[in-house]
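Shown below: upload35.txt, with compact mmCIF, C-alpha atoms.
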# COMPACT_ATOMS: atom_id res chain seq x y z
CA THR A 21 0.00 0.00 0.00
CA THR A 22 2.83 2.38 0.84
CA LEU A 23 4.63 1.63 -2.43
CA ARG A 24 1.39 2.19 -4.36
CA ARG A 25 0.98 5.66 -2.79
CA PHE A 26 4.51 6.67 -3.69
CA ALA A 27 3.91 5.48 -7.28
CA GLN A 28 0.71 7.49 -7.61
CA ALA A 29 2.18 10.70 -6.17
CA PRO A 30 4.40 11.59 -9.21
CA MET A 31 1.52 10.75 -11.57
CA ALA A 32 -0.82 13.12 -9.70
CA ALA A 33 1.77 15.90 -9.77
CA HIS A 34 2.23 15.39 -13.50
CA LEU A 35 -1.53 15.58 -14.06
CA LEU A 36 -1.71 18.82 -12.11
CA GLU A 37 1.02 20.33 -14.29
CA ILE A 38 -0.85 19.28 -17.45
CA ASP A 39 -4.07 20.82 -16.17
CA ALA A 40 -2.29 24.06 -15.34
CA SER A 41 -0.68 24.25 -18.80
CA GLU A 42 -4.04 23.58 -20.48
CA ALA A 43 -5.61 26.33 -18.44
CA GLN A 44 -2.91 28.72 -19.62
CA LEU A 45 -3.44 27.68 -23.26
CA ASN A 46 -7.19 28.08 -23.07
CA PRO A 47 -8.25 30.49 -25.92
CA GLN A 48 -10.83 32.05 -23.67
CA THR A 49 -8.16 33.28 -21.30
CA LEU A 50 -5.52 34.37 -23.83
CA SER A 51 -4.40 37.99 -23.71
CA PHE A 52 -1.83 40.04 -25.59
CA GLN A 53 0.70 42.38 -24.10
CA ASP A 54 2.63 45.16 -25.83
CA PHE A 55 6.13 44.96 -24.44
CA GLY A 56 7.37 47.73 -26.74
CA SER A 57 5.02 50.44 -25.42
CA SER A 58 6.06 53.13 -22.99
CA GLY A 59 3.85 51.65 -20.32
CA GLY A 60 6.17 48.62 -19.93
CA ALA A 61 5.11 45.36 -18.40
CA GLY A 62 2.57 47.06 -16.18
CA ALA A 63 0.33 48.05 -19.12
CA SER A 64 -2.70 45.81 -19.46
CA SER A 65 -4.46 44.92 -22.69
CA ALA A 66 -7.95 43.88 -23.64
CA SER A 67 -8.88 40.66 -25.35
CA PRO A 68 -9.52 40.78 -29.10
CA SER A 69 -13.01 39.45 -28.68
CA ALA A 70 -13.87 42.15 -26.16
CA THR A 71 -12.35 44.85 -28.38
CA ALA A 72 -14.14 43.66 -31.48
CA GLY A 73 -17.34 43.30 -29.58
CA GLY A 74 -17.04 46.85 -28.19
CA MET A 75 -16.32 48.33 -31.58
CA GLY A 76 -19.17 46.45 -33.19
CA GLY A 77 -21.54 47.47 -30.44
CA ALA A 78 -20.52 51.12 -30.71
CA ILE A 79 -20.94 51.19 -34.47
CA GLY A 80 -24.19 49.31 -34.39
CA SER A 81 -25.68 51.43 -31.65
CA GLY A 82 -24.66 54.63 -33.43
CA MET A 83 -26.25 53.57 -36.70
CA LEU A 84 -29.43 52.15 -35.27
CA LYS A 85 -30.02 54.76 -32.57
CA PRO A 86 -32.93 56.99 -33.68
CA GLN A 87 -32.69 60.78 -33.54
CA SER A 88 -34.33 62.54 -30.67
CA LEU A 89 -37.39 64.69 -31.22
CA GLU A 90 -35.46 67.86 -30.44
CA GLN A 91 -32.80 67.05 -33.06
CA MET A 92 -35.45 66.38 -35.69
CA GLN A 93 -37.20 69.64 -34.87
CA ASP A 94 -33.92 71.57 -35.10
CA VAL A 95 -33.20 70.18 -38.55
CA GLU A 96 -36.72 70.87 -39.76
CA GLY A 97 -36.62 74.42 -38.41
CA GLN A 98 -33.63 75.49 -40.47
CA PRO A 99 -34.43 77.71 -43.48
CA GLY A 100 -32.56 75.41 -45.85
CA SER A 101 -34.36 72.23 -44.80
CA SER A 102 -37.27 72.85 -47.20
CA GLY A 103 -37.75 74.50 -50.55
CA PHE A 104 -38.05 78.27 -50.66
CA TRP A 105 -41.55 77.92 -52.12
CA THR A 106 -42.87 76.32 -48.92
CA LEU A 107 -44.07 78.07 -45.78
CA ARG A 108 -41.76 75.96 -43.61
CA TYR A 109 -38.76 77.61 -45.26
CA TYR A 110 -39.82 81.04 -43.93
CA GLN A 111 -41.03 79.86 -40.53
CA PRO A 112 -37.77 80.70 -38.66
CA LEU A 113 -37.98 84.29 -39.96
CA PHE A 114 -41.27 84.76 -38.08
CA ASP A 115 -40.23 82.87 -34.93
CA ILE A 116 -39.86 85.88 -32.63
CA ASP A 117 -41.63 87.12 -29.53
CA THR A 118 -43.02 90.53 -28.65
CA ILE A 119 -40.15 91.44 -26.31
CA GLN A 120 -37.58 90.98 -29.07
CA VAL A 121 -39.61 93.07 -31.50
CA LEU A 122 -39.97 95.88 -28.95
CA ASN A 123 -36.25 95.82 -28.19
CA ARG A 124 -35.45 96.12 -31.88
CA ILE A 125 -37.90 98.96 -32.34
CA LYS A 126 -36.33 100.71 -29.36
CA GLY A 127 -32.91 100.19 -30.91
CA SER A 128 -34.07 101.81 -34.14
CA LEU A 129 -35.53 104.82 -32.32
CA LEU A 130 -32.38 105.34 -30.24
CA PRO A 131 -29.54 104.83 -32.71
CA ARG A 132 -25.96 104.61 -31.44
CA PRO A 133 -22.93 106.27 -33.01
CA ARG A 134 -21.55 102.96 -34.27
CA GLY A 135 -24.37 100.72 -35.46
CA VAL A 136 -24.83 97.50 -33.52
CA PHE A 137 -28.19 96.51 -34.95
CA PHE A 138 -26.64 93.93 -37.26
CA ASP A 139 -25.03 92.30 -34.24
CA LEU A 140 -28.41 92.29 -32.50
CA ILE A 141 -30.18 90.45 -35.34
CA SER A 142 -27.29 88.30 -36.58
CA ALA A 143 -28.47 85.18 -34.73
CA ASN A 144 -32.18 85.64 -35.40
CA PRO A 145 -33.18 88.08 -38.15
CA ASP A 146 -36.93 88.39 -38.52
CA LEU A 147 -39.50 89.56 -41.04
CA TRP A 148 -42.36 89.72 -38.55
CA GLY A 149 -41.45 93.14 -37.22
CA PRO A 150 -40.72 94.72 -40.63
CA PHE A 151 -43.98 93.39 -42.09
CA TRP A 152 -46.19 94.75 -39.32
CA ILE A 153 -44.32 98.05 -39.08
CA ALA A 154 -44.74 98.61 -42.82
CA THR A 155 -48.41 97.56 -42.75
CA THR A 156 -49.17 99.73 -39.73
CA LEU A 157 -47.45 102.71 -41.34
CA ILE A 158 -49.46 102.28 -44.56
CA PHE A 159 -52.81 102.41 -42.76
CA ALA A 160 -51.63 105.15 -40.38
CA MET A 161 -50.54 107.37 -43.26
CA ALA A 162 -53.78 106.77 -45.18
CA VAL A 163 -56.01 107.44 -42.17
CA THR A 164 -54.14 110.42 -40.75
CA GLY A 165 -53.66 111.91 -44.19
CA ASN A 166 -57.38 111.87 -44.86
CA LEU A 167 -58.10 113.19 -41.37
CA SER A 168 -55.75 116.11 -41.89
CA SER A 169 -57.31 116.78 -45.27
CA TYR A 170 -60.75 116.74 -43.68
CA TYR A 171 -59.76 119.19 -40.94
CA ALA A 172 -58.14 121.50 -43.49
CA TYR A 173 -61.16 121.45 -45.82
CA THR A 174 -62.92 124.81 -46.07
CA GLY A 175 -65.23 124.23 -49.03
CA PRO A 176 -69.00 123.74 -49.05
CA ALA A 177 -70.57 121.24 -46.70
CA GLY A 178 -70.55 117.72 -48.03
CA GLY A 179 -67.94 118.51 -50.65
CA TRP A 180 -65.06 116.62 -48.99
CA THR A 181 -64.46 113.04 -50.15
CA TYR A 182 -62.17 110.31 -48.88
CA ASN A 183 -59.03 109.87 -51.00
CA PHE A 184 -58.54 106.12 -51.49
CA ASN A 185 -55.55 106.75 -53.71
CA GLN A 186 -53.49 107.57 -50.62
CA LEU A 187 -53.90 104.03 -49.32
CA THR A 188 -52.88 102.54 -52.66
CA LEU A 189 -49.91 104.84 -53.09
CA ALA A 190 -48.79 104.40 -49.50
CA GLY A 191 -48.85 100.62 -49.90
CA SER A 192 -46.88 100.76 -53.12
CA VAL A 193 -44.24 103.14 -51.72
CA ILE A 194 -43.76 101.45 -48.34
CA TYR A 195 -43.69 97.87 -49.58
CA SER A 196 -41.31 98.83 -52.37
CA TYR A 197 -39.07 100.56 -49.86
CA VAL A 198 -38.77 97.44 -47.68
CA THR A 199 -38.49 94.88 -50.52
CA LEU A 200 -37.19 96.27 -53.81
CA LEU A 201 -34.72 98.75 -52.34
CA PRO A 202 -33.07 96.13 -50.05
CA LEU A 203 -32.84 93.82 -53.05
CA LEU A 204 -31.02 96.46 -55.09
CA LEU A 205 -28.72 97.26 -52.17
CA TRP A 206 -27.98 93.56 -51.67
CA ALA A 207 -26.95 93.30 -55.34
CA ALA A 208 -24.77 96.40 -55.03
CA LEU A 209 -23.06 95.02 -51.93
CA ARG A 210 -22.30 91.78 -53.74
CA TYR A 211 -20.88 93.77 -56.66
CA TYR A 212 -18.54 95.67 -54.32
CA GLU A 213 -17.65 92.45 -52.44
CA ALA A 214 -19.25 93.60 -49.20
CA GLN A 215 -21.82 90.83 -48.96
CA LYS A 216 -24.65 90.99 -46.47
CA ARG A 217 -27.55 88.60 -46.10
CA LEU A 218 -30.70 89.78 -47.86
CA VAL A 219 -32.85 89.02 -44.81
CA ASP A 220 -30.63 91.26 -42.67
CA ILE A 221 -31.03 94.15 -45.10
CA ILE A 222 -34.83 93.71 -45.28
CA CYS A 223 -34.95 93.52 -41.49
CA ILE A 224 -33.07 96.78 -40.91
CA TYR A 225 -35.04 98.61 -43.61
CA GLY A 226 -38.29 97.49 -42.01
CA TYR A 227 -37.29 98.68 -38.55
CA THR A 228 -36.06 101.95 -40.06
CA LEU A 229 -39.69 102.88 -40.76
CA GLY A 230 -40.73 102.42 -37.13
CA VAL A 231 -40.15 106.07 -36.26
CA PHE A 232 -42.60 107.24 -38.93
CA VAL A 233 -45.61 105.61 -37.26
CA PRO A 234 -45.81 108.19 -34.44
CA VAL A 235 -44.71 110.91 -36.88
CA SER A 236 -47.67 110.18 -39.17
CA ILE A 237 -50.08 110.36 -36.22
CA LEU A 238 -48.68 113.67 -34.98
CA CYS A 239 -48.88 115.16 -38.47
CA VAL A 240 -52.67 115.35 -38.01
CA LEU A 241 -52.05 118.55 -36.06
CA PRO A 242 -52.93 121.56 -38.29
CA SER A 243 -49.53 123.20 -38.31
CA GLU A 244 -47.36 123.22 -41.40
CA PRO A 245 -44.08 124.15 -39.60
CA LEU A 246 -44.74 121.42 -37.03
CA ARG A 247 -45.29 118.87 -39.79
CA TRP A 248 -42.01 119.82 -41.46
CA LEU A 249 -40.23 119.56 -38.12
CA LEU A 250 -41.73 116.15 -37.39
CA VAL A 251 -40.87 114.74 -40.82
CA LEU A 252 -37.32 116.09 -40.69
CA ALA A 253 -36.79 114.79 -37.16
CA GLY A 254 -38.11 111.35 -38.07
CA GLY A 255 -36.02 111.34 -41.23
CA GLY A 256 -32.89 112.30 -39.30
CA VAL A 257 -33.34 109.57 -36.69
CA SER A 258 -34.08 106.89 -39.29
CA ALA A 259 -31.22 107.98 -41.54
CA LEU A 260 -28.76 107.96 -38.65
CA PHE A 261 -29.89 104.49 -37.66
CA LEU A 262 -29.67 103.12 -41.20
CA LEU A 263 -26.42 104.75 -42.32
CA SER A 264 -24.53 104.16 -39.07
CA ASN A 265 -25.16 100.41 -39.24
CA PHE A 266 -24.12 100.14 -42.87
CA HIS A 267 -21.12 102.40 -42.29
CA ALA A 268 -19.91 100.00 -39.60
CA HIS A 269 -20.42 97.05 -41.94
CA LEU A 270 -18.62 98.72 -44.84
CA SER A 271 -15.76 99.77 -42.58
CA ASP A 272 -15.17 96.12 -41.78
CA CYS A 273 -15.37 95.12 -45.45
CA PHE A 274 -13.23 97.92 -46.90
CA PRO A 275 -9.86 98.39 -45.16
CA TYR A 276 -8.68 101.96 -44.86
CA GLY A 277 -5.48 101.10 -46.70
CA GLU A 278 -7.41 100.14 -49.83
CA GLY A 279 -7.19 102.77 -52.55
CA ASP A 280 -10.85 102.98 -53.57
CA ALA A 281 -12.36 102.16 -50.16
CA LYS A 282 -13.63 105.70 -49.64
CA ARG A 283 -15.11 105.78 -53.11
CA LYS A 284 -17.03 102.55 -52.56
CA MET A 285 -18.35 103.68 -49.19
CA ALA A 286 -19.34 107.09 -50.56
CA THR A 287 -21.17 105.50 -53.49
CA LEU A 288 -23.16 103.05 -51.38
CA LEU A 289 -23.95 105.36 -48.48
CA GLY A 290 -24.70 108.27 -50.81
CA GLY A 291 -27.17 106.19 -52.79
CA MET A 292 -28.89 105.07 -49.60
CA ALA A 293 -29.11 108.63 -48.31
CA ALA A 294 -30.54 109.84 -51.64
CA CYS A 295 -33.29 107.17 -51.61
CA HIS A 296 -34.11 108.03 -48.02
CA THR A 297 -34.38 111.73 -48.88
CA VAL A 298 -36.77 110.96 -51.73
CA LEU A 299 -38.93 108.97 -49.32
CA LEU A 300 -39.07 111.89 -46.87
CA LEU A 301 -40.04 114.37 -49.57
CA LEU A 302 -42.74 112.02 -50.80
CA PHE A 303 -44.10 111.69 -47.27
CA LYS A 304 -44.27 115.43 -46.77
CA LEU A 305 -45.32 116.70 -50.18
CA TYR A 306 -47.97 114.09 -50.90
CA PHE A 307 -49.22 112.54 -47.65
CA PHE A 308 -48.74 115.41 -45.21
CA HIS A 309 -49.31 118.46 -47.41
CA TYR A 310 -52.73 120.11 -47.25
CA ALA A 311 -53.86 123.39 -48.79
Just dump the structure as structure tokens.
Amino acid sequence: TTLRRFAQAPMAAHLLEIDASEAQLNPQTLSFQDFGSSGGAGASSASPSATAGGMGGAIGSGMLKPQSLEQMQDVEGQPGSSGFWTLRYYQPLFDIDTIQVLNRIKGSLLPRPRGVFFDLISANPDLWGPFWIATTLIFAMAVTGNLSSYYAYTGPAGGWTYNFNQLTLAGSVIYSYVTLLPLLLWAALRYYEAQKRLVDIICIYGYTLGVFVPVSILCVLPSEPLRWLLVLAGGGVSALFLLSNFHAHLSDCFPYGEGDAKRKMATLLGGMAACHTVLLLLFKLYFFHYA
């Protein structure tokens, strides 16, 4: 019995060594080490199956993961996400609240020496404010113009008639001022390599007319010198607001070292000032002039 135990002892030790070597050669427990890396022998490595599985899971989850509702709404809300003939294309241009509109109107009535209105609307230019300012001004000019004409009428009783042509002409002049004139200016800026977005130009031209709404109401007062003063004051404030903002933009586009920089600025700003002067004269001589 003793001899049999001694004979079995080496065999058991040999079997243990075989089991240990098989455990080391098990593919499920194999790992690779990078002995040439800076981390040395202490750097650990992941198994190929785990690495492949992690990469496959990351790629698969990224491709199959659906977009969130907020991301889909952001993409759909961009102006370029739909065709320009659809209403969805213009929806971001009317996505503005009353506080923002009032702040922009206040900025147009209180112009600063160096225009900052473009910086104010750069992230969110709107057409809501310009549309309603222009529409309000059209009806205000038509109503107040006919009221002033009625108060100034001295003919026979029942001889005064409402002038509907003022409403038509006011609509044509105001809507042309906030659409066609910005389009021409946008083309001129592109020609002189001083590009500005068309929606920014329409936006500032629309808010430029904000000062004329109270001016048109006050022109009902039967005083010709007061009417001239009101129109000139409103024209000065609006011109300062408009030209100061574009002067700041052109100063950034045309370096002072450039030879014809002054000529370009004088041409653009002079043309804008001339169009604005024509608008003021039309306001006074046609809408606010009563015999």
With only C-alpha atoms as the basis for distance, which of A:Leu263, A:Ile221, A:Pro176, A:Ile153 is at the shortest distance from Gly291 in chain A? A:Leu263
Box centre and edge lengths (Å, one decimal), axis-aligned, range 170-177 of chain A plus 4 Å each side, as JSON:
{"center_x": -64.4, "center_y": 120.8, "center_z": -45.0, "size_x": 20.4, "size_y": 16.1, "size_z": 16.1}
Looking at A:Leu270, A:Met285, A:Met161, A:Ala214, which one is nearest to Lys304 in chain A, with distances taken over all atoms listed in the file?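 The closest residue to Lys304 in chain A is A:Met161.
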Quick one: of A:Ser243, A:Ser192, A:Gln120, A:Tyr170, who's nearest to Thr155 in chain A, counting only C-alpha atoms?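 Under the stated criterion, the closest residue is A:Ser192.
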Just the residues within 9 Å of Met292 in chain A, please, counting all atoms listed in the file, with nothing from its chain fewer than 6 positions along; format it as a list in words.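 Within the cut-off, the hits are Leu205, Ala259, Leu262 and Leu263 of chain A.
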Spatial neighbours of Ala160 in chain A, max dist 12 Å, only C-alpha atoms, sep filter under 4 positions, as a ChimeraX atom specification: /A:152-156,164-168,186-187,190-191,194,230,232-240,307-308
Fewer than 3 positions away in the same chain doesn't count, so skip those; otherwise give me all residues within 12 Å of His296 in chain A, counting only C-alpha atoms, as a JSON list (two decimals) with C-alpha atoms, in the frame of the given file.
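Below is the file that was written, around.json:
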[["chain", "number", "residue", "atom", "x", "y", "z"],
["A", 193, "VAL", "CA", -44.24, 103.14, -51.72],
["A", 194, "ILE", "CA", -43.76, 101.45, -48.34],
["A", 197, "TYR", "CA", -39.07, 100.56, -49.86],
["A", 198, "VAL", "CA", -38.77, 97.44, -47.68],
["A", 201, "LEU", "CA", -34.72, 98.75, -52.34],
["A", 225, "TYR", "CA", -35.04, 98.61, -43.61],
["A", 228, "THR", "CA", -36.06, 101.95, -40.06],
["A", 229, "LEU", "CA", -39.69, 102.88, -40.76],
["A", 251, "VAL", "CA", -40.87, 114.74, -40.82],
["A", 252, "LEU", "CA", -37.32, 116.09, -40.69],
["A", 254, "GLY", "CA", -38.11, 111.35, -38.07],
["A", 255, "GLY", "CA", -36.02, 111.34, -41.23],
["A", 256, "GLY", "CA", -32.89, 112.30, -39.30],
["A", 257, "VAL", "CA", -33.34, 109.57, -36.69],
["A", 258, "SER", "CA", -34.08, 106.89, -39.29],
["A", 259, "ALA", "CA", -31.22, 107.98, -41.54],
["A", 260, "LEU", "CA", -28.76, 107.96, -38.65],
["A", 261, "PHE", "CA", -29.89, 104.49, -37.66],
["A", 262, "LEU", "CA", -29.67, 103.12, -41.20],
["A", 263, "LEU", "CA", -26.42, 104.75, -42.32],
["A", 289, "LEU", "CA", -23.95, 105.36, -48.48],
["A", 290, "GLY", "CA", -24.70, 108.27, -50.81],
["A", 291, "GLY", "CA", -27.17, 106.19, -52.79],
["A", 292, "MET", "CA", -28.89, 105.07, -49.60],
["A", 293, "ALA", "CA", -29.11, 108.63, -48.31],
["A", 299, "LEU", "CA", -38.93, 108.97, -49.32],
["A", 300, "LEU", "CA", -39.07, 111.89, -46.87],
["A", 301, "LEU", "CA", -40.04, 114.37, -49.57],
["A", 302, "LEU", "CA", -42.74, 112.02, -50.80],
["A", 303, "PHE", "CA", -44.10, 111.69, -47.27]]
Taking 3 positions as the minimum chain separation for residues in the same chain, which residues sit within 9 Å of Leu203 in chain A when counting all atoms listed in the file? Answer as a list in words.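 So the residues in contact are Val198, Thr199, Leu200, Trp206, Ala207, Ala208, Leu218, Ile221 and Ile222 of chain A.
The two atoms in question, CA of Phe274 in chain A and CA of Thr287 in chain A, are spaced 12.8 Å apart.
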Atomic separation - CA of Tyr211 in chain A relative to CA of Cys223 in chain A, Å: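 So the two atoms, CA of Cys223 in chain A and CA of Tyr211 in chain A, lie 20.7 Å apart.
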Given the choices A:Arg247, A:Arg210, A:Lys284, A:Arg124, which gets closest to Leu140 in chain A if the distance is worked out from only C-alpha atoms? A:Arg124
Point-to-point distance in Å for CA of Leu130 in chain A and CA of Ala253 in chain A: 12.5 Å
Write out as a PyMOL selection string each polymer residue whose atoms come within 12 Å of Leu122 in chain A, counting all atoms listed in the file; drop sequence neighbours fewer than 6 positions from it. chain A and resi 116+128-129+148-150+153+227+230
Distance criterion (all atoms listed in the file): nearest to Lys216 in chain A out of A:Ser169, A:Asn265, A:Thr188, A:Thr174: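 Nearest candidate to Lys216 in chain A out of A:Ser169, A:Asn265, A:Thr188, A:Thr174: A:Asn265.
Candidate residues A:Leu250, A:Ile119, A:Val163, A:Cys295 were compared for distance to Ser196 in chain A, and the nearest is A:Cys295, using only C-alpha atoms.
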Can you complete the atoms of range 277-294 of chain A to N, CA, C and O atoms and list them as a tab-separated table (two decimals), keeping the file's coordinate frame?
chain	number	residue	atom	x	y	z
A	277	GLY	N	-6.65	101.05	-45.82
A	277	GLY	CA	-5.48	101.10	-46.70
A	277	GLY	C	-5.82	100.88	-48.16
A	277	GLY	O	-5.00	101.15	-49.04
A	278	GLU	N	-7.02	100.40	-48.45
A	278	GLU	CA	-7.41	100.14	-49.83
A	278	GLU	C	-7.62	101.47	-50.56
A	278	GLU	O	-8.20	102.41	-50.02
A	279	GLY	N	-7.19	101.52	-51.81
A	279	GLY	CA	-7.19	102.77	-52.55
A	279	GLY	C	-8.58	103.33	-52.79
A	279	GLY	O	-8.83	104.52	-52.57
A	280	ASP	N	-9.51	102.50	-53.23
A	280	ASP	CA	-10.85	102.98	-53.57
A	280	ASP	C	-11.87	102.65	-52.49
A	280	ASP	O	-13.06	102.56	-52.77
A	281	ALA	N	-11.43	102.47	-51.25
A	281	ALA	CA	-12.36	102.16	-50.16
A	281	ALA	C	-13.32	103.32	-49.90
A	281	ALA	O	-14.53	103.12	-49.75
A	282	LYS	N	-12.78	104.54	-49.88
A	282	LYS	CA	-13.63	105.70	-49.64
A	282	LYS	C	-14.64	105.90	-50.77
A	282	LYS	O	-15.78	106.29	-50.53
A	283	ARG	N	-14.20	105.61	-51.98
A	283	ARG	CA	-15.11	105.78	-53.11
A	283	ARG	C	-16.27	104.79	-53.03
A	283	ARG	O	-17.43	105.14	-53.29
A	284	LYS	N	-15.97	103.55	-52.68
A	284	LYS	CA	-17.03	102.55	-52.56
A	284	LYS	C	-18.01	102.91	-51.45
A	284	LYS	O	-19.24	102.82	-51.63
A	285	MET	N	-17.47	103.32	-50.31
A	285	MET	CA	-18.35	103.68	-49.19
A	285	MET	C	-19.19	104.89	-49.54
A	285	MET	O	-20.39	104.95	-49.21
A	286	ALA	N	-18.59	105.89	-50.19
A	286	ALA	CA	-19.34	107.09	-50.56
A	286	ALA	C	-20.44	106.77	-51.57
A	286	ALA	O	-21.55	107.33	-51.49
A	287	THR	N	-20.17	105.86	-52.49
A	287	THR	CA	-21.17	105.50	-53.49
A	287	THR	C	-22.36	104.80	-52.85
A	287	THR	O	-23.53	105.14	-53.11
A	288	LEU	N	-22.08	103.83	-51.99
A	288	LEU	CA	-23.16	103.05	-51.38
A	288	LEU	C	-23.95	103.89	-50.38
A	288	LEU	O	-25.19	103.94	-50.42
A	289	LEU	N	-23.25	104.56	-49.49
A	289	LEU	CA	-23.95	105.36	-48.48
A	289	LEU	C	-24.65	106.56	-49.10
A	289	LEU	O	-25.74	106.95	-48.65
A	290	GLY	N	-24.05	107.16	-50.13
A	290	GLY	CA	-24.70	108.27	-50.81
A	290	GLY	C	-25.97	107.85	-51.51
A	290	GLY	O	-26.99	108.57	-51.48
A	291	GLY	N	-25.96	106.69	-52.15
A	291	GLY	CA	-27.17	106.19	-52.79
A	291	GLY	C	-28.27	105.89	-51.78
A	291	GLY	O	-29.46	106.18	-52.02
A	292	MET	N	-27.90	105.33	-50.64
A	292	MET	CA	-28.89	105.07	-49.60
A	292	MET	C	-29.47	106.36	-49.05
A	292	MET	O	-30.69	106.47	-48.83
A	293	ALA	N	-28.63	107.35	-48.83
A	293	ALA	CA	-29.11	108.63	-48.31
A	293	ALA	C	-30.02	109.33	-49.33
A	293	ALA	O	-31.03	109.95	-48.95
A	294	ALA	N	-29.71	109.21	-50.61
A	294	ALA	CA	-30.54	109.84	-51.64
A	294	ALA	C	-31.93	109.19	-51.68
A	294	ALA	O	-32.96	109.89	-51.76
